[in-house]
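> Dropping the structure in here first, questions after.
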Amino acid sequence: MQLARVLEAIAAKPARSVVGLISGTSADSIDAALVRITGQGPEARVEVQATHAHPYPPGLQERLHALTESGSVRDVCELNVTVGELFAAAALAVSRGVVVDLIGSHGQTIYHIPPAAGHQGATLQIGEPAVIAERTGVLTVGHFRARDMAAGGTGAPLVPYADFVLFQHPTRTRVIQNIGGIANATVLPAGGDLEDVYAFDTGPGNMVVDALMQAFFGRAYDRGGDVAAQGRVDERLLSELRADEFIIAPPPKATGRERYGAAYAQDVLARATRRGLAAEDLIATVTALTAEAIVENYRRFIFPRHDVHEVVVSGGGARNAVMMNRLRARLTPRPVRTTSELGIDSDAKEAVAFAILAHDAAMGLATNVPGATGARHPVILGAIVPGRMEA
(Lines give C-alpha, C1' and ligand atoms only; values in the text may rest on other atoms or scores of the structure.)
Protein backbone atom coordinates (compact mmCIF):
# COMPACT_ATOMS: atom_id res chain seq x y z
CA MET A 1 0.00 0.00 0.00
CA GLN A 2 1.34 3.44 -0.88
CA LEU A 3 2.32 5.69 2.02
CA ALA A 4 -0.25 8.31 0.98
CA ARG A 5 -3.00 5.70 1.23
CA VAL A 6 -1.74 4.59 4.64
CA LEU A 7 -1.97 8.16 5.91
CA GLU A 8 -5.43 8.58 4.38
CA ALA A 9 -6.61 5.39 6.08
CA ILE A 10 -5.28 6.55 9.45
CA ALA A 11 -6.94 9.96 9.06
CA ALA A 12 -10.28 8.38 8.11
CA LYS A 13 -10.58 6.50 11.40
CA PRO A 14 -12.96 7.99 14.00
CA ALA A 15 -10.16 7.71 16.59
CA ARG A 16 -6.53 6.68 16.47
CA SER A 17 -4.29 4.78 18.89
CA VAL A 18 -0.89 6.44 19.15
CA VAL A 19 2.23 5.63 21.17
CA GLY A 20 4.48 8.46 22.34
CA LEU A 21 8.08 7.82 23.40
CA ILE A 22 10.78 9.97 24.97
CA SER A 23 13.90 9.66 27.06
CA GLY A 24 14.81 12.92 28.73
CA THR A 25 18.18 14.48 29.44
CA SER A 26 18.62 12.29 32.52
CA ALA A 27 18.96 9.34 30.08
CA ASP A 28 17.90 6.68 32.57
CA SER A 29 14.73 5.27 31.01
CA ILE A 30 12.15 5.63 28.27
CA ASP A 31 8.75 7.08 29.07
CA ALA A 32 6.01 5.56 26.91
CA ALA A 33 2.34 6.48 26.66
CA LEU A 34 -0.51 4.92 24.71
CA VAL A 35 -3.20 7.46 23.88
CA ARG A 36 -6.45 7.49 21.94
CA ILE A 37 -6.96 10.66 19.91
CA THR A 38 -10.28 11.78 18.47
CA GLY A 39 -10.27 14.69 16.06
CA GLN A 40 -7.14 16.61 15.21
CA GLY A 41 -5.37 19.88 15.88
CA PRO A 42 -6.05 22.06 18.92
CA GLU A 43 -9.62 20.71 19.23
CA ALA A 44 -8.51 17.07 19.52
CA ARG A 45 -9.62 14.99 22.49
CA VAL A 46 -6.84 12.92 24.06
CA GLU A 47 -7.41 9.93 26.35
CA VAL A 48 -4.42 8.30 28.03
CA GLN A 49 -4.93 4.53 27.98
CA ALA A 50 -1.61 3.27 29.38
CA THR A 51 1.82 4.46 30.48
CA HIS A 52 5.07 2.58 30.93
CA ALA A 53 8.57 3.41 32.17
CA HIS A 54 11.10 1.27 30.31
CA PRO A 55 14.47 1.29 32.13
CA TYR A 56 17.73 1.47 30.28
CA PRO A 57 20.03 -1.52 30.94
CA PRO A 58 22.91 -1.07 33.39
CA GLY A 59 25.75 0.99 31.97
CA LEU A 60 23.81 2.62 29.13
CA GLN A 61 23.18 5.88 30.96
CA GLU A 62 26.91 6.28 31.55
CA ARG A 63 27.64 5.53 27.87
CA LEU A 64 25.11 8.13 26.75
CA HIS A 65 26.47 10.77 29.09
CA ALA A 66 30.01 10.00 27.92
CA LEU A 67 28.82 10.29 24.32
CA THR A 68 27.67 13.83 25.02
CA GLU A 69 31.03 14.76 26.50
CA SER A 70 33.56 12.91 24.34
CA GLY A 71 31.99 10.22 22.13
CA SER A 72 33.20 9.11 18.70
CA VAL A 73 31.21 8.93 15.47
CA ARG A 74 31.33 5.13 15.75
CA ASP A 75 29.78 5.35 19.23
CA VAL A 76 26.99 7.55 17.88
CA CYS A 77 26.25 5.07 15.08
CA GLU A 78 26.16 2.05 17.39
CA LEU A 79 24.09 3.70 20.10
CA ASN A 80 21.64 5.08 17.54
CA VAL A 81 20.64 1.50 16.76
CA THR A 82 20.90 0.23 20.34
CA VAL A 83 18.62 2.97 21.64
CA GLY A 84 16.25 2.43 18.70
CA GLU A 85 15.84 -1.21 19.72
CA LEU A 86 15.02 -0.15 23.28
CA PHE A 87 12.49 2.42 22.09
CA ALA A 88 10.83 -0.26 19.97
CA ALA A 89 10.65 -2.55 23.00
CA ALA A 90 9.07 0.25 25.04
CA ALA A 91 6.45 0.83 22.34
CA LEU A 92 5.57 -2.86 22.25
CA ALA A 93 5.39 -3.03 26.05
CA VAL A 94 2.99 -0.10 26.48
CA SER A 95 0.71 -1.19 23.64
CA ARG A 96 0.46 -4.90 24.30
CA GLY A 97 -2.83 -6.23 22.89
CA VAL A 98 -3.70 -2.96 21.10
CA VAL A 99 -3.58 -2.23 17.36
CA VAL A 100 -1.47 0.93 17.12
CA ASP A 101 -1.89 3.35 14.22
CA LEU A 102 1.32 5.30 14.63
CA ILE A 103 4.24 5.98 16.95
CA GLY A 104 5.88 9.28 17.83
CA SER A 105 9.45 8.98 19.10
CA HIS A 106 11.43 11.95 20.34
CA GLY A 107 14.51 9.78 20.78
CA GLN A 108 17.44 10.49 23.07
CA THR A 109 19.06 13.91 22.74
CA ILE A 110 22.82 13.66 22.42
CA TYR A 111 23.59 17.29 21.71
CA HIS A 112 21.63 20.48 21.13
CA ILE A 113 23.16 23.72 19.88
CA PRO A 114 20.70 26.63 19.75
CA PRO A 115 21.26 29.11 16.92
CA ALA A 116 23.21 32.22 17.83
CA ALA A 117 24.94 35.09 16.11
CA GLY A 118 27.64 33.66 13.92
CA HIS A 119 26.62 30.00 13.88
CA GLN A 120 23.85 27.72 12.70
CA GLY A 121 21.82 25.83 15.28
CA ALA A 122 21.99 22.04 15.26
CA THR A 123 20.54 19.12 17.17
CA LEU A 124 20.93 15.35 17.32
CA GLN A 125 18.57 12.77 18.77
CA ILE A 126 19.41 9.07 18.51
CA GLY A 127 17.11 6.05 18.68
CA GLU A 128 16.69 5.28 14.98
CA PRO A 129 13.02 5.62 13.92
CA ALA A 130 13.59 3.08 11.13
CA VAL A 131 14.44 0.46 13.75
CA ILE A 132 11.27 1.28 15.69
CA ALA A 133 9.14 1.05 12.54
CA GLU A 134 10.71 -2.25 11.53
CA ARG A 135 10.44 -3.94 14.93
CA THR A 136 6.86 -2.78 15.58
CA GLY A 137 5.54 -2.73 12.03
CA VAL A 138 3.99 0.66 12.81
CA LEU A 139 4.41 3.97 11.01
CA THR A 140 6.83 6.01 13.12
CA VAL A 141 7.41 9.76 13.28
CA GLY A 142 10.79 10.95 14.60
CA HIS A 143 13.40 13.70 14.29
CA PHE A 144 10.96 16.38 15.45
CA ARG A 145 13.42 19.13 16.34
CA ALA A 146 15.39 19.46 13.10
CA ARG A 147 12.60 21.03 11.02
CA ASP A 148 11.95 23.82 13.51
CA MET A 149 15.67 24.61 13.55
CA ALA A 150 15.74 24.61 9.75
CA ALA A 151 13.03 27.29 9.95
CA GLY A 152 15.23 29.42 12.19
CA GLY A 153 13.90 28.19 15.54
CA THR A 154 15.74 26.94 18.59
CA GLY A 155 14.24 23.45 18.15
CA ALA A 156 12.95 23.58 21.71
CA PRO A 157 10.69 23.55 23.51
CA LEU A 158 8.32 21.59 21.25
CA VAL A 159 5.81 20.50 23.87
CA PRO A 160 3.85 23.82 23.97
CA TYR A 161 1.60 22.67 21.12
CA ALA A 162 0.57 19.62 23.14
CA ASP A 163 0.28 21.73 26.30
CA PHE A 164 -2.24 23.90 24.43
CA VAL A 165 -4.23 20.84 23.30
CA LEU A 166 -4.27 19.34 26.80
CA PHE A 167 -4.47 22.28 29.20
CA GLN A 168 -5.77 25.45 27.52
CA HIS A 169 -8.53 27.02 29.67
CA PRO A 170 -11.09 29.64 28.62
CA THR A 171 -10.81 31.79 31.77
CA ARG A 172 -7.62 30.76 33.60
CA THR A 173 -4.09 31.69 32.52
CA ARG A 174 -1.85 28.72 33.21
CA VAL A 175 1.88 28.15 33.21
CA ILE A 176 2.66 24.50 32.45
CA GLN A 177 6.03 23.86 34.10
CA ASN A 178 7.91 20.70 33.21
CA ILE A 179 10.80 19.77 35.51
CA GLY A 180 12.78 17.01 33.86
CA GLY A 181 16.54 17.11 33.45
CA ILE A 182 15.98 20.65 32.17
CA ALA A 183 13.05 22.81 33.31
CA ASN A 184 10.79 24.52 30.78
CA ALA A 185 7.66 26.65 31.00
CA THR A 186 4.70 27.02 28.63
CA VAL A 187 2.45 30.06 29.05
CA LEU A 188 -1.21 29.49 28.09
CA PRO A 189 -3.10 32.81 28.23
CA ALA A 190 -6.75 32.45 29.24
CA GLY A 191 -8.96 32.03 26.20
CA GLY A 192 -5.98 32.53 23.91
CA ASP A 193 -5.19 31.01 20.54
CA LEU A 194 -2.15 28.92 19.68
CA GLU A 195 -0.50 32.08 18.36
CA ASP A 196 -0.66 33.54 21.89
CA VAL A 197 1.32 30.67 23.44
CA TYR A 198 4.98 31.10 24.26
CA ALA A 199 7.48 28.90 26.06
CA PHE A 200 11.15 28.58 26.96
CA ASP A 201 13.62 26.66 29.09
CA THR A 202 14.09 28.20 32.53
CA GLY A 203 17.37 26.47 33.44
CA PRO A 204 18.42 23.25 35.16
CA GLY A 205 15.70 20.90 36.30
CA ASN A 206 16.79 17.68 38.00
CA MET A 207 20.02 17.28 36.05
CA VAL A 208 22.41 18.88 38.54
CA VAL A 209 20.69 17.30 41.55
CA ASP A 210 20.93 13.89 39.89
CA ALA A 211 24.63 14.28 39.05
CA LEU A 212 25.53 15.27 42.61
CA MET A 213 23.34 12.53 44.11
CA GLN A 214 25.30 10.03 42.03
CA ALA A 215 28.62 11.56 43.08
CA PHE A 216 27.86 11.66 46.82
CA PHE A 217 25.48 8.78 47.41
CA GLY A 218 25.67 6.52 44.35
CA ARG A 219 21.96 7.11 43.76
CA ALA A 220 20.36 8.17 40.49
CA TYR A 221 18.16 10.87 42.02
CA ASP A 222 16.88 12.33 45.29
CA ARG A 223 13.73 10.31 45.82
CA GLY A 224 10.98 12.61 47.07
CA GLY A 225 13.59 15.24 47.97
CA ASP A 226 14.52 13.26 51.08
CA VAL A 227 18.22 14.23 51.02
CA ALA A 228 17.47 17.89 50.29
CA ALA A 229 15.13 17.89 53.28
CA GLN A 230 18.06 16.93 55.53
CA GLY A 231 20.24 19.84 54.37
CA ARG A 232 20.23 23.61 54.63
CA VAL A 233 20.37 25.91 51.62
CA ASP A 234 23.60 27.89 51.36
CA GLU A 235 22.17 31.26 50.36
CA ARG A 236 25.51 32.69 49.21
CA LEU A 237 26.18 29.82 46.80
CA LEU A 238 22.56 29.90 45.67
CA SER A 239 22.88 33.60 44.88
CA GLU A 240 25.98 32.92 42.78
CA LEU A 241 24.27 30.13 40.85
CA ARG A 242 21.14 32.18 40.23
CA ALA A 243 23.25 34.75 38.39
CA ASP A 244 23.91 32.23 35.61
CA GLU A 245 23.67 34.03 32.27
CA PHE A 246 21.23 31.51 30.78
CA ILE A 247 18.77 31.86 33.66
CA ILE A 248 18.51 35.61 33.24
CA ALA A 249 18.64 35.65 29.41
CA PRO A 250 15.37 36.58 27.66
CA PRO A 251 13.44 34.01 25.61
CA PRO A 252 13.33 32.35 23.19
CA LYS A 253 15.97 30.13 24.73
CA ALA A 254 16.74 26.43 25.07
CA THR A 255 19.47 24.46 26.78
CA GLY A 256 20.52 20.97 27.79
CA ARG A 257 23.31 18.74 29.04
CA GLU A 258 25.86 20.67 27.02
CA ARG A 259 25.40 23.54 29.52
CA TYR A 260 24.25 21.88 32.76
CA GLY A 261 25.94 18.50 32.43
CA ALA A 262 29.03 17.00 34.04
CA ALA A 263 31.27 20.06 33.71
CA TYR A 264 28.69 22.32 35.37
CA ALA A 265 28.11 19.84 38.20
CA GLN A 266 31.86 19.62 38.81
CA ASP A 267 32.10 23.41 38.96
CA VAL A 268 29.26 23.57 41.50
CA LEU A 269 30.91 20.82 43.53
CA ALA A 270 34.23 22.70 43.54
CA ARG A 271 32.52 25.86 44.81
CA ALA A 272 30.74 23.89 47.53
CA THR A 273 33.96 22.19 48.58
CA ARG A 274 35.68 25.55 49.00
CA ARG A 275 32.81 26.61 51.23
CA GLY A 276 32.98 23.38 53.24
CA LEU A 277 29.38 22.38 52.52
CA ALA A 278 28.06 19.01 53.60
CA ALA A 279 26.62 16.81 50.86
CA GLU A 280 23.08 17.29 52.14
CA ASP A 281 23.50 21.07 52.13
CA LEU A 282 24.70 21.04 48.53
CA ILE A 283 21.76 18.88 47.43
CA ALA A 284 19.41 21.28 49.23
CA THR A 285 21.08 24.23 47.49
CA VAL A 286 20.90 22.87 43.93
CA THR A 287 17.32 21.74 44.55
CA ALA A 288 16.54 25.32 45.54
CA LEU A 289 18.37 26.52 42.40
CA THR A 290 15.87 24.76 40.14
CA ALA A 291 12.94 26.41 41.91
CA GLU A 292 14.60 29.82 42.06
CA ALA A 293 15.52 29.73 38.36
CA ILE A 294 11.87 29.02 37.57
CA VAL A 295 10.67 31.87 39.79
CA GLU A 296 13.26 34.29 38.39
CA ASN A 297 12.12 33.56 34.84
CA TYR A 298 8.48 34.06 35.81
CA ARG A 299 9.34 37.35 37.51
CA ARG A 300 11.23 38.65 34.49
CA PHE A 301 9.35 37.25 31.52
CA ILE A 302 5.85 36.08 32.50
CA PHE A 303 4.35 38.02 35.41
CA PRO A 304 4.85 41.45 33.77
CA ARG A 305 2.69 40.24 30.86
CA HIS A 306 0.08 38.02 32.50
CA ASP A 307 -2.02 37.60 35.61
CA VAL A 308 -1.23 33.91 36.14
CA HIS A 309 -4.01 31.95 37.83
CA GLU A 310 -2.12 28.69 38.43
CA VAL A 311 1.11 26.81 37.77
CA VAL A 312 0.84 23.16 36.74
CA VAL A 313 3.96 20.98 37.14
CA SER A 314 4.99 17.76 35.40
CA GLY A 315 8.14 15.65 35.25
CA GLY A 316 10.28 14.15 37.99
CA GLY A 317 10.39 17.45 39.85
CA ALA A 318 6.68 17.07 40.60
CA ARG A 319 7.63 14.20 42.93
CA ASN A 320 10.30 16.18 44.79
CA ALA A 321 8.51 17.53 47.86
CA VAL A 322 11.26 20.01 48.73
CA MET A 323 11.31 21.48 45.24
CA MET A 324 7.52 21.69 45.09
CA ASN A 325 7.27 23.25 48.55
CA ARG A 326 9.78 25.94 47.61
CA LEU A 327 7.89 26.70 44.42
CA ARG A 328 4.62 26.96 46.35
CA ALA A 329 6.18 29.26 48.93
CA ARG A 330 7.75 31.54 46.32
CA LEU A 331 4.69 31.66 44.04
CA THR A 332 1.99 32.15 46.68
CA PRO A 333 -0.89 33.03 46.41
CA ARG A 334 -0.94 31.32 43.01
CA PRO A 335 -1.72 27.60 43.38
CA VAL A 336 0.94 25.13 42.22
CA ARG A 337 -0.60 21.86 41.04
CA THR A 338 0.54 18.83 39.04
CA THR A 339 -0.69 17.62 35.67
CA SER A 340 -1.78 14.42 37.42
CA GLU A 341 -4.45 16.50 39.16
CA LEU A 342 -5.71 17.46 35.70
CA GLY A 343 -5.79 13.88 34.41
CA ILE A 344 -2.37 13.56 32.75
CA ASP A 345 0.24 11.51 34.63
CA SER A 346 3.01 13.97 35.51
CA ASP A 347 5.66 11.36 34.71
CA ALA A 348 4.20 10.61 31.26
CA LYS A 349 3.17 14.07 30.05
CA GLU A 350 6.13 14.47 27.69
CA ALA A 351 5.46 11.06 26.12
CA VAL A 352 1.81 12.03 25.64
CA ALA A 353 3.01 15.23 24.00
CA PHE A 354 5.05 13.40 21.37
CA ALA A 355 2.11 11.13 20.62
CA ILE A 356 0.11 14.30 19.86
CA LEU A 357 2.92 15.79 17.75
CA ALA A 358 3.25 12.56 15.74
CA HIS A 359 -0.51 12.31 15.28
CA ASP A 360 -0.86 15.82 13.89
CA ALA A 361 2.23 15.43 11.70
CA ALA A 362 0.49 12.45 10.10
CA MET A 363 -2.59 14.66 9.67
CA GLY A 364 -0.44 17.21 7.81
CA LEU A 365 -0.67 19.90 10.49
CA ALA A 366 2.02 22.34 11.61
CA THR A 367 2.84 21.77 15.28
CA ASN A 368 5.72 24.03 16.20
CA VAL A 369 4.91 27.22 18.10
CA PRO A 370 6.99 30.10 16.71
CA GLY A 371 6.28 32.07 19.89
CA ALA A 372 8.15 29.34 21.78
CA THR A 373 11.04 28.56 19.44
CA GLY A 374 11.49 31.76 17.47
CA ALA A 375 10.98 29.95 14.14
CA ARG A 376 10.19 32.15 11.16
CA HIS A 377 6.93 30.33 10.45
CA PRO A 378 4.90 27.24 11.43
CA VAL A 379 6.15 23.88 10.12
CA ILE A 380 5.10 20.24 10.23
CA LEU A 381 7.45 18.62 12.75
CA GLY A 382 8.91 15.18 12.26
CA ALA A 383 10.05 12.77 9.57
CA ILE A 384 7.69 9.89 8.75
CA VAL A 385 9.06 6.35 8.48
CA PRO A 386 6.51 3.84 7.13
CA GLY A 387 5.75 0.66 9.01
CA ARG A 388 5.44 -2.67 7.25
CA MET A 389 3.67 -1.94 3.99
CA GLU A 390 0.80 -4.17 2.91
CA ALA A 391 0.71 -5.36 -0.67
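We label chains A, B, ... in the order they appear in the C-alpha coordinates, count residues from 1 in each chain, and number ligands from 1 in the order shown.
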Could you give me, as JSON lines, a per-residue list for range 146-176 of chain A showing, wherever an atom lies at most 9 Å from an atom of range 306-313 of chain A, the closest pair of atoms and their distance in Å to one decimal, using only C-alpha atoms and sorting by chain then residue number from low to high?

```
{"residue": "A:Arg172", "atom": "CA", "partner": "A:His309", "partner_atom": "CA", "distance": 5.7}
{"residue": "A:Thr173", "atom": "CA", "partner": "A:Val308", "partner_atom": "CA", "distance": 5.1}
{"residue": "A:Arg174", "atom": "CA", "partner": "A:Glu310", "partner_atom": "CA", "distance": 5.2}
{"residue": "A:Val175", "atom": "CA", "partner": "A:Val311", "partner_atom": "CA", "distance": 4.8}
{"residue": "A:Ile176", "atom": "CA", "partner": "A:Val312", "partner_atom": "CA", "distance": 4.8}
```
> Which residues, written as a list in words, have at least one atom at most 8 Å from Glu292 in chain A, with only C-alpha atoms counted and residues fewer than 3 positions away on the same chain left out?
Arg242, Ala288, Leu289, Val295, Glu296 and Leu327 of chain A
> Quick one: which range 225-268 of chain A residues come within 12 Å of range 16-39 of chain A, and what is the nearest atom pair for each with the distance in Å to one decimal, counting only C-alpha atoms, rows ordered by chain and ascending number, as a Markdown table?

```
| residue | atom | partner | partner_atom | distance |
| --- | --- | --- | --- | --- |
| A:Thr255 | CA | A:Thr25 | CA | 10.4 |
| A:Gly256 | CA | A:Thr25 | CA | 7.1 |
| A:Arg257 | CA | A:Thr25 | CA | 6.7 |
| A:Glu258 | CA | A:Thr25 | CA | 10.2 |
| A:Arg259 | CA | A:Thr25 | CA | 11.6 |
| A:Tyr260 | CA | A:Thr25 | CA | 10.1 |
| A:Gly261 | CA | A:Thr25 | CA | 9.2 |
| A:Ala262 | CA | A:Ser26 | CA | 11.5 |
```
> Kindly indicate which residue among A:Thr109, A:Gln40, A:Gln120, A:Thr285 lies nearest to Gly181 in chain A, using only C-alpha atoms for the distances.
A:Thr109
> Apply DSSP to the backbone of this structure and, from range 89-132 of chain A, keep only the residues in alpha helix (DSSP H); write these as a PyMOL selection string.
chain A and resi 89-94+129-132
> Residues of range 146-390 of chain A in strand (DSSP E) according to DSSP, as a PyMOL selection string?
chain A and resi 174-179+182-188+198-204+310-314+336-338+383-385
